[in-house]
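A.B. asks: Here you go, this is my_file_10.txt (compact mmCIF, N, CA and C atoms).
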```
# COMPACT_ATOMS: atom_id res chain seq x y z
N MET A 1 94.80 167.24 128.33
CA MET A 1 95.13 165.85 128.28
C MET A 1 93.94 165.02 127.83
N THR A 2 92.80 165.40 128.25
CA THR A 2 91.62 164.65 127.87
C THR A 2 91.42 164.69 126.37
N THR A 3 91.75 165.77 125.76
CA THR A 3 91.58 165.87 124.31
C THR A 3 92.54 164.96 123.58
N ILE A 4 93.78 164.87 124.06
CA ILE A 4 94.74 163.99 123.40
C ILE A 4 94.31 162.54 123.57
N GLN A 5 93.89 162.15 124.79
CA GLN A 5 93.42 160.78 125.00
C GLN A 5 92.17 160.51 124.18
N SER A 6 91.31 161.48 124.13
CA SER A 6 90.08 161.33 123.35
C SER A 6 90.39 161.14 121.88
N LYS A 7 91.33 161.94 121.34
CA LYS A 7 91.73 161.78 119.94
C LYS A 7 92.38 160.42 119.73
N HIS A 8 93.23 160.02 120.68
CA HIS A 8 93.91 158.73 120.59
C HIS A 8 92.89 157.57 120.60
N SER A 9 91.87 157.65 121.44
CA SER A 9 90.84 156.62 121.51
C SER A 9 90.04 156.55 120.22
N HIS A 10 89.70 157.70 119.67
CA HIS A 10 88.98 157.73 118.41
C HIS A 10 89.82 157.16 117.28
N HIS A 11 91.12 157.49 117.30
CA HIS A 11 92.04 156.99 116.28
C HIS A 11 92.13 155.46 116.35
N LEU A 12 92.26 154.91 117.55
CA LEU A 12 92.32 153.45 117.73
C LEU A 12 91.02 152.79 117.30
N ALA A 13 89.91 153.38 117.65
CA ALA A 13 88.61 152.82 117.27
C ALA A 13 88.46 152.83 115.75
N PHE A 14 88.90 153.91 115.10
CA PHE A 14 88.83 153.99 113.65
C PHE A 14 89.72 152.93 113.00
N MET A 15 90.94 152.76 113.56
CA MET A 15 91.86 151.76 113.00
C MET A 15 91.29 150.35 113.17
N ARG A 16 90.70 150.09 114.33
CA ARG A 16 90.12 148.76 114.56
C ARG A 16 88.99 148.50 113.56
N SER A 17 88.12 149.45 113.36
CA SER A 17 87.02 149.25 112.42
C SER A 17 87.56 149.14 111.00
N GLY A 18 88.63 149.89 110.69
CA GLY A 18 89.26 149.79 109.38
C GLY A 18 89.85 148.41 109.15
N TRP A 19 90.54 147.89 110.16
CA TRP A 19 91.12 146.54 110.05
C TRP A 19 90.01 145.49 109.93
N SER A 20 88.96 145.68 110.70
CA SER A 20 87.84 144.74 110.64
C SER A 20 87.23 144.72 109.25
N SER A 21 87.05 145.90 108.69
CA SER A 21 86.48 145.99 107.34
C SER A 21 87.41 145.36 106.32
N ALA A 22 88.71 145.65 106.46
CA ALA A 22 89.70 145.09 105.52
C ALA A 22 89.72 143.56 105.63
N LEU A 23 89.72 143.05 106.84
CA LEU A 23 89.73 141.60 107.03
C LEU A 23 88.46 140.97 106.48
N LEU A 24 87.34 141.65 106.70
CA LEU A 24 86.07 141.16 106.17
C LEU A 24 86.11 141.11 104.64
N LEU A 25 86.62 142.15 104.03
CA LEU A 25 86.73 142.17 102.56
C LEU A 25 87.66 141.07 102.05
N ILE A 26 88.76 140.86 102.73
CA ILE A 26 89.69 139.79 102.34
C ILE A 26 89.01 138.43 102.47
N LEU A 27 88.29 138.22 103.56
CA LEU A 27 87.59 136.96 103.78
C LEU A 27 86.54 136.72 102.70
N VAL A 28 85.76 137.74 102.38
CA VAL A 28 84.74 137.61 101.33
C VAL A 28 85.42 137.29 99.99
N GLY A 29 86.51 137.97 99.70
CA GLY A 29 87.24 137.71 98.46
C GLY A 29 87.75 136.29 98.38
N LEU A 30 88.31 135.80 99.48
CA LEU A 30 88.82 134.42 99.50
C LEU A 30 87.69 133.41 99.34
N LEU A 31 86.57 133.65 100.01
CA LEU A 31 85.43 132.74 99.87
C LEU A 31 84.89 132.73 98.45
N THR A 32 84.83 133.90 97.83
CA THR A 32 84.36 133.99 96.44
C THR A 32 85.30 133.24 95.52
N LEU A 33 86.59 133.42 95.73
CA LEU A 33 87.58 132.73 94.91
C LEU A 33 87.49 131.22 95.10
N ALA A 34 87.33 130.78 96.34
CA ALA A 34 87.24 129.35 96.63
C ALA A 34 86.02 128.72 95.98
N THR A 35 84.89 129.40 96.02
CA THR A 35 83.68 128.81 95.44
C THR A 35 83.70 128.88 93.93
N SER A 36 84.34 129.88 93.35
CA SER A 36 84.37 129.97 91.89
C SER A 36 85.36 129.00 91.28
N CYS A 37 86.32 128.52 92.06
CA CYS A 37 87.31 127.58 91.54
C CYS A 37 87.02 126.15 91.96
N SER A 38 85.88 125.91 92.57
CA SER A 38 85.58 124.57 93.06
C SER A 38 85.24 123.63 91.92
N ASP A 39 85.19 122.36 92.23
CA ASP A 39 84.85 121.33 91.25
C ASP A 39 83.40 121.38 90.84
N ASP A 40 82.57 122.20 91.51
CA ASP A 40 81.17 122.30 91.14
C ASP A 40 81.02 122.78 89.71
N ASP A 41 81.96 123.60 89.23
CA ASP A 41 81.89 124.06 87.85
C ASP A 41 81.95 122.89 86.89
N GLU A 42 82.74 121.88 87.22
CA GLU A 42 82.82 120.69 86.38
C GLU A 42 81.46 120.02 86.29
N GLY A 43 80.73 119.97 87.40
CA GLY A 43 79.42 119.33 87.41
C GLY A 43 78.37 120.10 86.63
N ASN A 44 78.62 121.38 86.38
CA ASN A 44 77.66 122.19 85.65
C ASN A 44 77.80 122.04 84.14
N LYS A 45 78.86 121.40 83.68
CA LYS A 45 79.03 121.21 82.25
C LYS A 45 77.99 120.23 81.74
N GLU A 46 77.45 120.51 80.57
CA GLU A 46 76.50 119.59 79.97
C GLU A 46 77.26 118.36 79.47
N PRO A 47 76.69 117.18 79.68
CA PRO A 47 77.35 115.97 79.20
C PRO A 47 77.55 115.99 77.68
N THR A 48 78.72 115.56 77.25
CA THR A 48 79.06 115.45 75.84
C THR A 48 79.96 114.24 75.67
N ILE A 49 79.78 113.53 74.57
CA ILE A 49 80.68 112.43 74.24
C ILE A 49 80.91 112.44 72.74
N THR A 50 82.13 112.18 72.34
CA THR A 50 82.50 112.17 70.93
C THR A 50 83.04 110.80 70.58
N GLY A 51 82.63 110.29 69.44
CA GLY A 51 83.11 109.00 68.99
C GLY A 51 83.06 108.90 67.48
N LYS A 52 83.07 107.68 67.00
CA LYS A 52 83.06 107.43 65.55
C LYS A 52 82.00 106.39 65.22
N ILE A 53 81.54 106.44 63.98
CA ILE A 53 80.66 105.39 63.46
C ILE A 53 81.56 104.23 63.06
N THR A 54 81.27 103.05 63.60
CA THR A 54 82.10 101.88 63.29
C THR A 54 81.50 101.02 62.19
N SER A 55 80.16 100.93 62.17
CA SER A 55 79.50 100.05 61.19
C SER A 55 78.00 100.28 61.24
N TYR A 56 77.28 99.48 60.50
CA TYR A 56 75.81 99.47 60.54
C TYR A 56 75.39 98.03 60.80
N ASN A 57 74.40 97.85 61.68
CA ASN A 57 73.98 96.48 61.96
C ASN A 57 72.98 95.99 60.91
N GLU A 58 72.51 94.77 61.08
CA GLU A 58 71.62 94.16 60.08
C GLU A 58 70.28 94.87 59.92
N PHE A 59 69.95 95.75 60.89
CA PHE A 59 68.70 96.49 60.83
C PHE A 59 68.90 97.92 60.33
N GLY A 60 70.12 98.24 59.95
CA GLY A 60 70.43 99.57 59.43
C GLY A 60 70.74 100.61 60.49
N ALA A 61 70.94 100.18 61.73
CA ALA A 61 71.28 101.12 62.80
C ALA A 61 72.76 101.45 62.74
N THR A 62 73.10 102.69 63.04
CA THR A 62 74.48 103.15 63.05
C THR A 62 75.14 102.74 64.36
N MET A 63 76.16 101.90 64.29
CA MET A 63 76.87 101.44 65.47
C MET A 63 78.02 102.41 65.77
N LEU A 64 78.15 102.78 67.04
CA LEU A 64 79.16 103.74 67.46
C LEU A 64 80.26 103.04 68.25
N ASP A 65 81.36 103.74 68.47
CA ASP A 65 82.50 103.09 69.12
C ASP A 65 82.55 103.32 70.64
N PHE A 66 81.39 103.46 71.27
CA PHE A 66 81.36 103.53 72.72
C PHE A 66 80.15 102.78 73.27
N THR A 67 80.20 102.52 74.57
CA THR A 67 79.21 101.66 75.22
C THR A 67 78.34 102.45 76.20
N GLN A 68 77.42 101.74 76.83
CA GLN A 68 76.58 102.35 77.85
C GLN A 68 77.43 102.87 79.00
N ALA A 69 78.47 102.14 79.36
CA ALA A 69 79.36 102.59 80.45
C ALA A 69 80.00 103.93 80.08
N ASP A 70 80.39 104.10 78.83
CA ASP A 70 80.96 105.37 78.38
C ASP A 70 79.93 106.49 78.47
N MET A 71 78.70 106.19 78.08
CA MET A 71 77.62 107.20 78.15
C MET A 71 77.36 107.58 79.61
N THR A 72 77.31 106.60 80.48
CA THR A 72 77.07 106.85 81.90
C THR A 72 78.20 107.70 82.49
N GLU A 73 79.43 107.35 82.16
CA GLU A 73 80.58 108.11 82.65
C GLU A 73 80.54 109.56 82.18
N ALA A 74 80.04 109.78 80.97
CA ALA A 74 79.93 111.15 80.43
C ALA A 74 78.77 111.93 81.06
N GLY A 75 77.84 111.23 81.75
CA GLY A 75 76.75 111.92 82.43
C GLY A 75 75.37 111.69 81.84
N PHE A 76 75.25 110.77 80.89
CA PHE A 76 73.94 110.47 80.29
C PHE A 76 73.28 109.32 81.03
N THR A 77 71.94 109.37 81.12
CA THR A 77 71.18 108.26 81.67
C THR A 77 70.02 107.95 80.73
N LEU A 78 69.54 106.72 80.82
CA LEU A 78 68.42 106.33 79.98
C LEU A 78 67.24 107.27 80.22
N GLY A 79 66.58 107.67 79.14
CA GLY A 79 65.47 108.60 79.22
C GLY A 79 65.85 110.04 78.94
N ASP A 80 67.14 110.32 78.81
CA ASP A 80 67.57 111.67 78.45
C ASP A 80 67.23 111.95 76.99
N VAL A 81 66.99 113.21 76.67
CA VAL A 81 66.86 113.62 75.28
C VAL A 81 68.22 114.16 74.87
N ILE A 82 68.74 113.65 73.76
CA ILE A 82 70.09 114.00 73.33
C ILE A 82 70.08 114.52 71.90
N SER A 83 71.18 115.15 71.52
CA SER A 83 71.37 115.50 70.12
C SER A 83 72.57 114.71 69.63
N ILE A 84 72.45 114.19 68.43
CA ILE A 84 73.56 113.50 67.78
C ILE A 84 73.88 114.28 66.52
N THR A 85 75.13 114.70 66.40
CA THR A 85 75.56 115.45 65.24
C THR A 85 76.57 114.62 64.45
N VAL A 86 76.27 114.45 63.16
CA VAL A 86 77.15 113.76 62.21
C VAL A 86 77.22 114.63 60.96
N ASP A 87 78.42 114.98 60.54
CA ASP A 87 78.58 115.79 59.32
C ASP A 87 77.65 116.99 59.29
N ASP A 88 77.62 117.76 60.34
CA ASP A 88 76.79 118.97 60.46
C ASP A 88 75.29 118.71 60.41
N LYS A 89 74.87 117.45 60.53
CA LYS A 89 73.45 117.12 60.62
C LYS A 89 73.16 116.81 62.09
N GLU A 90 72.24 117.56 62.68
CA GLU A 90 71.90 117.33 64.08
C GLU A 90 70.54 116.65 64.17
N LEU A 91 70.50 115.56 64.93
CA LEU A 91 69.26 114.82 65.16
C LEU A 91 68.97 114.84 66.66
N ILE A 92 67.73 115.10 67.03
CA ILE A 92 67.31 115.10 68.44
C ILE A 92 66.53 113.81 68.68
N MET A 93 66.88 113.12 69.75
CA MET A 93 66.24 111.82 70.02
C MET A 93 66.38 111.43 71.48
N PRO A 94 65.57 110.46 71.92
CA PRO A 94 65.73 109.93 73.28
C PRO A 94 66.83 108.87 73.30
N TYR A 95 67.35 108.63 74.49
CA TYR A 95 68.36 107.60 74.74
C TYR A 95 67.69 106.51 75.57
N TYR A 96 67.53 105.31 74.98
CA TYR A 96 66.82 104.20 75.62
C TYR A 96 67.63 102.91 75.59
N ASP A 97 67.09 101.90 76.30
CA ASP A 97 67.67 100.56 76.25
C ASP A 97 66.76 99.61 75.48
N GLY A 98 65.93 100.15 74.64
CA GLY A 98 65.03 99.37 73.78
C GLY A 98 64.40 100.30 72.76
N TYR A 99 63.61 99.72 71.89
CA TYR A 99 62.99 100.47 70.80
C TYR A 99 61.62 100.99 71.23
N TYR A 100 61.62 102.00 72.09
CA TYR A 100 60.40 102.51 72.70
C TYR A 100 59.85 103.77 72.03
N THR A 101 60.04 103.91 70.74
CA THR A 101 59.52 105.07 70.02
C THR A 101 58.58 104.60 68.91
N ARG A 102 57.88 105.53 68.32
CA ARG A 102 57.02 105.19 67.19
C ARG A 102 57.84 104.92 65.95
N ASN A 103 57.26 104.21 65.00
CA ASN A 103 57.93 103.94 63.74
C ASN A 103 58.42 105.24 63.10
N GLY A 104 59.67 105.23 62.68
CA GLY A 104 60.25 106.38 62.00
C GLY A 104 60.88 107.41 62.91
N GLU A 105 60.63 107.36 64.21
CA GLU A 105 61.24 108.31 65.13
C GLU A 105 62.68 107.87 65.43
N TYR A 106 63.57 108.85 65.49
CA TYR A 106 64.96 108.57 65.83
C TYR A 106 65.07 108.19 67.30
N LEU A 107 66.03 107.33 67.59
CA LEU A 107 66.36 107.00 68.96
C LEU A 107 67.79 106.49 69.03
N CYS A 108 68.40 106.70 70.17
CA CYS A 108 69.73 106.18 70.47
C CYS A 108 69.50 105.01 71.40
N VAL A 109 70.11 103.87 71.09
CA VAL A 109 69.79 102.63 71.80
C VAL A 109 71.04 101.96 72.36
N VAL A 110 70.93 101.54 73.61
CA VAL A 110 71.88 100.63 74.21
C VAL A 110 71.09 99.34 74.39
N TYR A 111 71.14 98.49 73.39
CA TYR A 111 70.34 97.26 73.39
C TYR A 111 71.17 96.14 73.99
N PRO A 112 70.57 95.29 74.83
CA PRO A 112 71.34 94.26 75.56
C PRO A 112 72.22 93.37 74.69
N THR A 113 71.80 93.07 73.47
CA THR A 113 72.61 92.16 72.64
C THR A 113 73.57 92.89 71.70
N TYR A 114 73.55 94.22 71.71
CA TYR A 114 74.46 94.99 70.85
C TYR A 114 75.78 95.24 71.59
N PRO A 115 76.89 95.19 70.88
CA PRO A 115 78.19 95.41 71.53
C PRO A 115 78.45 96.88 71.88
N SER A 116 77.68 97.79 71.28
CA SER A 116 77.91 99.22 71.51
C SER A 116 76.62 99.99 71.33
N ILE A 117 76.70 101.29 71.54
CA ILE A 117 75.57 102.20 71.35
C ILE A 117 75.27 102.32 69.85
N CYS A 118 74.01 102.51 69.51
CA CYS A 118 73.66 102.76 68.11
C CYS A 118 72.54 103.79 68.06
N PHE A 119 72.32 104.34 66.87
CA PHE A 119 71.13 105.18 66.67
C PHE A 119 70.52 104.84 65.33
N THR A 120 69.20 105.03 65.26
CA THR A 120 68.45 104.66 64.06
C THR A 120 67.10 105.37 64.06
N ALA A 121 66.36 105.20 63.00
CA ALA A 121 64.96 105.60 62.96
C ALA A 121 64.18 104.30 63.14
N ASN A 122 63.39 104.22 64.19
CA ASN A 122 62.73 102.99 64.59
C ASN A 122 61.94 102.33 63.45
N ASN A 123 62.27 101.07 63.19
CA ASN A 123 61.60 100.19 62.23
C ASN A 123 61.70 100.60 60.76
N ILE A 124 62.38 101.70 60.45
CA ILE A 124 62.53 102.04 59.04
C ILE A 124 63.98 102.25 58.63
N GLY A 125 64.89 102.32 59.61
CA GLY A 125 66.29 102.56 59.30
C GLY A 125 66.54 104.03 59.01
N LEU A 126 67.78 104.32 58.71
CA LEU A 126 68.21 105.71 58.52
C LEU A 126 68.03 106.18 57.09
N PRO A 127 67.86 107.48 56.91
CA PRO A 127 67.81 108.00 55.54
C PRO A 127 69.19 107.85 54.88
N GLU A 128 69.21 107.87 53.58
CA GLU A 128 70.42 107.62 52.81
C GLU A 128 71.60 108.52 53.21
N GLU A 129 71.33 109.79 53.55
CA GLU A 129 72.43 110.69 53.89
C GLU A 129 73.13 110.32 55.19
N LEU A 130 72.55 109.40 55.96
CA LEU A 130 73.19 108.95 57.21
C LEU A 130 73.72 107.52 57.10
N THR A 131 73.81 106.99 55.91
CA THR A 131 74.37 105.64 55.73
C THR A 131 75.72 105.75 55.03
N GLY A 132 76.53 104.71 55.20
CA GLY A 132 77.84 104.70 54.56
C GLY A 132 78.83 105.67 55.16
N LEU A 133 78.67 106.01 56.43
CA LEU A 133 79.53 107.01 57.07
C LEU A 133 80.51 106.41 58.07
N GLU A 134 80.94 105.18 57.86
CA GLU A 134 81.89 104.56 58.76
C GLU A 134 83.13 105.45 58.90
N GLY A 135 83.57 105.62 60.14
CA GLY A 135 84.74 106.44 60.41
C GLY A 135 84.43 107.91 60.65
N HIS A 136 83.21 108.35 60.37
CA HIS A 136 82.84 109.75 60.60
C HIS A 136 82.65 110.01 62.09
N THR A 137 82.94 111.23 62.49
CA THR A 137 82.82 111.63 63.89
C THR A 137 81.37 111.89 64.26
N VAL A 138 81.02 111.47 65.47
CA VAL A 138 79.68 111.66 66.04
C VAL A 138 79.85 112.38 67.37
N VAL A 139 79.07 113.44 67.57
CA VAL A 139 79.08 114.16 68.85
C VAL A 139 77.69 114.06 69.45
N ILE A 140 77.64 113.59 70.70
CA ILE A 140 76.37 113.48 71.42
C ILE A 140 76.39 114.49 72.56
N LYS A 141 75.31 115.30 72.63
CA LYS A 141 75.18 116.31 73.68
C LYS A 141 73.81 116.18 74.34
N MET A 142 73.74 116.67 75.57
CA MET A 142 72.49 116.66 76.31
C MET A 142 71.56 117.76 75.79
N VAL A 143 70.29 117.41 75.58
CA VAL A 143 69.27 118.39 75.24
C VAL A 143 68.37 118.62 76.45
N GLU A 144 67.89 117.49 77.04
CA GLU A 144 67.02 117.60 78.21
C GLU A 144 67.23 116.39 79.11
N LYS A 145 67.75 116.62 80.29
CA LYS A 145 68.00 115.56 81.26
C LYS A 145 66.68 114.92 81.66
N GLY A 146 66.53 113.60 81.43
CA GLY A 146 65.33 112.86 81.81
C GLY A 146 64.10 113.25 81.04
N GLY A 147 64.23 113.92 79.91
CA GLY A 147 63.10 114.44 79.16
C GLY A 147 62.18 113.39 78.57
N ARG A 148 62.65 112.17 78.38
CA ARG A 148 61.79 111.10 77.84
C ARG A 148 61.91 109.84 78.71
N ARG A 149 62.03 110.07 80.01
CA ARG A 149 62.15 108.95 80.94
C ARG A 149 60.91 108.11 80.89
N LEU A 150 61.10 106.81 80.82
CA LEU A 150 59.97 105.88 80.80
C LEU A 150 59.47 105.67 82.21
N GLN A 151 58.18 105.57 82.37
CA GLN A 151 57.58 105.40 83.71
C GLN A 151 57.70 103.98 84.18
```
Is it possible to give me this structure as structure tokens?
C.D. replies:
Amino acid sequence: MTTIQSKHSHHLAFMRSGWSSALLLILVGLLTLATSCSDDDEGNKEPTITGKITSYNEFGATMLDFTQADMTEAGFTLGDVISITVDDKELIMPYYDGYYTRNGEYLCVVYPTYPSICFTANNIGLPEELTGLEGHTVVIKMVEKGGRRLQ
């Protein structure tokens, strides 16, 4: 009788540990699934915004069809280094609220008196291949978050 009880006890102990392991595996699987499907993945996406060139201002800057609020909503902040792509031409520049670059350097500007975002080469205007492109698509992407933040 002791052998049968002993076998029965071992069998129950094995089943309990088996169930514990199975439950542990299920729990780990559920936690992995929950964390991989969370909204944190959305936050890991690099900011991007797409728009159009609407016009050129009196200084030759390319005016775009979105505002600082649109840039902020997309995840950009002043001082970020961004890329602007127009017609397969990619330009890397800082995003500022003033003309804080050297002459000839590209920059994206949200200037207080401008109705929208623009980009230009400071004090010299844009090269000819970037003028006359009203209606063309512009894609702005993050290059370096806070990479040219002003002190």
A.B. asks: Could you give me, as a list of chain:residue names, the residues within 8 Å of Arg102 of chain A, counting only N, CA and C atoms and dropping anything in the same chain fewer than 5 positions from it?
C.D. replies: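 Final neighbour list, sorted by chain and number: A:Ala121, A:Asn122, A:Asn123, A:Ile124.
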A.B. asks: Would you pick out the contacts of Glu58 of chain A at 12 Å or less, using only C-alpha atoms, so that residues sharing its chain but fewer than 4 positions from it are not included, and give the list as a list in words?
C.D. replies: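 Contacts, in chain order: Thr62, Met63, Tyr114, Cys118, Thr120, Asn123 and Gly125 of chain A.
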A.B. asks: I'd like the neighbourhood of segment 84-98 of chain A as an MDAnalysis selection string, where a residue qualifies if any of its atoms comes within 7 Å (using only C-alpha atoms), though same-chain residues fewer than 3 positions away should be ignored.
C.D. replies: chainID A and resid 78:81 106:111 137:141 148
A.B. asks: Determine the nearest neighbour of Thr67 of chain A from the options A:Ile82, A:Thr54, A:Ser116, A:Tyr100, counting all atoms listed in the file.
C.D. replies: A:Ser116
A.B. asks: Step one, run DSSP on the backbone; step two, keep only residues of segment 33-151 of chain A assigned to alpha helix (DSSP H); then write them as a VMD selection string.
C.D. replies: chain A and resid 33 to 36 40 to 43 68 to 74
A.B. asks: DSSP on the backbone, strand (DSSP E or B) only: what residues of segment 80-148 of chain A does that give? Format it as a VMD selection string.
C.D. replies: chain A and resid 81 to 86 89 to 96 106 to 109 118 to 121 137 to 144
A.B. asks: A:Ser55, A:Thr50, A:Thr72, A:Ser83: which is nearest Glu144 of chain A, counting only N, CA and C atoms?
C.D. replies: A:Ser83
A.B. asks: Have segment 99-114 of chain A completed to N, CA, C and O atoms, please, and pass it along as a PDB file, in the coordinates of the input.
C.D. replies:
```pdb
ATOM      1  N   TYR A  99      63.610  99.720  71.890  1.00  0.00           N
ATOM      2  CA  TYR A  99      62.990 100.470  70.800  1.00  0.00           C
ATOM      3  C   TYR A  99      61.620 100.990  71.230  1.00  0.00           C
ATOM      4  O   TYR A  99      60.586 100.503  70.804  1.00  0.00           O
ATOM      5  N   TYR A 100      61.620 102.000  72.090  1.00  0.00           N
ATOM      6  CA  TYR A 100      60.400 102.510  72.700  1.00  0.00           C
ATOM      7  C   TYR A 100      59.850 103.770  72.030  1.00  0.00           C
ATOM      8  O   TYR A 100      59.265 104.608  72.677  1.00  0.00           O
ATOM      9  N   THR A 101      60.040 103.910  70.740  1.00  0.00           N
ATOM     10  CA  THR A 101      59.520 105.070  70.020  1.00  0.00           C
ATOM     11  C   THR A 101      58.580 104.600  68.910  1.00  0.00           C
ATOM     12  O   THR A 101      58.529 103.409  68.590  1.00  0.00           O
ATOM     13  N   ARG A 102      57.880 105.530  68.320  1.00  0.00           N
ATOM     14  CA  ARG A 102      57.020 105.190  67.190  1.00  0.00           C
ATOM     15  C   ARG A 102      57.840 104.920  65.950  1.00  0.00           C
ATOM     16  O   ARG A 102      58.993 105.364  65.852  1.00  0.00           O
ATOM     17  N   ASN A 103      57.260 104.210  65.000  1.00  0.00           N
ATOM     18  CA  ASN A 103      57.930 103.940  63.740  1.00  0.00           C
ATOM     19  C   ASN A 103      58.420 105.240  63.100  1.00  0.00           C
ATOM     20  O   ASN A 103      57.673 106.202  63.020  1.00  0.00           O
ATOM     21  N   GLY A 104      59.670 105.230  62.680  1.00  0.00           N
ATOM     22  CA  GLY A 104      60.250 106.380  62.000  1.00  0.00           C
ATOM     23  C   GLY A 104      60.880 107.410  62.910  1.00  0.00           C
ATOM     24  O   GLY A 104      61.610 108.277  62.431  1.00  0.00           O
ATOM     25  N   GLU A 105      60.630 107.360  64.210  1.00  0.00           N
ATOM     26  CA  GLU A 105      61.240 108.310  65.130  1.00  0.00           C
ATOM     27  C   GLU A 105      62.680 107.870  65.430  1.00  0.00           C
ATOM     28  O   GLU A 105      62.956 106.690  65.603  1.00  0.00           O
ATOM     29  N   TYR A 106      63.570 108.850  65.490  1.00  0.00           N
ATOM     30  CA  TYR A 106      64.960 108.570  65.830  1.00  0.00           C
ATOM     31  C   TYR A 106      65.070 108.190  67.300  1.00  0.00           C
ATOM     32  O   TYR A 106      64.315 108.683  68.140  1.00  0.00           O
ATOM     33  N   LEU A 107      66.030 107.330  67.590  1.00  0.00           N
ATOM     34  CA  LEU A 107      66.360 107.000  68.960  1.00  0.00           C
ATOM     35  C   LEU A 107      67.790 106.490  69.030  1.00  0.00           C
ATOM     36  O   LEU A 107      68.307 105.942  68.051  1.00  0.00           O
ATOM     37  N   CYS A 108      68.400 106.700  70.170  1.00  0.00           N
ATOM     38  CA  CYS A 108      69.730 106.180  70.470  1.00  0.00           C
ATOM     39  C   CYS A 108      69.500 105.010  71.400  1.00  0.00           C
ATOM     40  O   CYS A 108      68.755 105.120  72.383  1.00  0.00           O
ATOM     41  N   VAL A 109      70.110 103.870  71.090  1.00  0.00           N
ATOM     42  CA  VAL A 109      69.790 102.630  71.800  1.00  0.00           C
ATOM     43  C   VAL A 109      71.040 101.960  72.360  1.00  0.00           C
ATOM     44  O   VAL A 109      72.034 101.807  71.669  1.00  0.00           O
ATOM     45  N   VAL A 110      70.930 101.540  73.610  1.00  0.00           N
ATOM     46  CA  VAL A 110      71.880 100.630  74.210  1.00  0.00           C
ATOM     47  C   VAL A 110      71.090  99.340  74.390  1.00  0.00           C
ATOM     48  O   VAL A 110      70.360  99.171  75.342  1.00  0.00           O
ATOM     49  N   TYR A 111      71.140  98.490  73.390  1.00  0.00           N
ATOM     50  CA  TYR A 111      70.340  97.260  73.390  1.00  0.00           C
ATOM     51  C   TYR A 111      71.170  96.140  73.990  1.00  0.00           C
ATOM     52  O   TYR A 111      72.375  96.030  73.719  1.00  0.00           O
ATOM     53  N   PRO A 112      70.570  95.290  74.830  1.00  0.00           N
ATOM     54  CA  PRO A 112      71.340  94.260  75.560  1.00  0.00           C
ATOM     55  C   PRO A 112      72.220  93.370  74.690  1.00  0.00           C
ATOM     56  O   PRO A 112      73.299  92.971  75.124  1.00  0.00           O
ATOM     57  N   THR A 113      71.800  93.070  73.470  1.00  0.00           N
ATOM     58  CA  THR A 113      72.610  92.160  72.640  1.00  0.00           C
ATOM     59  C   THR A 113      73.570  92.890  71.700  1.00  0.00           C
ATOM     60  O   THR A 113      74.331  92.245  70.987  1.00  0.00           O
ATOM     61  N   TYR A 114      73.550  94.220  71.710  1.00  0.00           N
ATOM     62  CA  TYR A 114      74.460  94.990  70.850  1.00  0.00           C
ATOM     63  C   TYR A 114      75.780  95.240  71.590  1.00  0.00           C
ATOM     64  O   TYR A 114      75.772  95.526  72.786  1.00  0.00           O
TER      65      TYR A 114
END
```
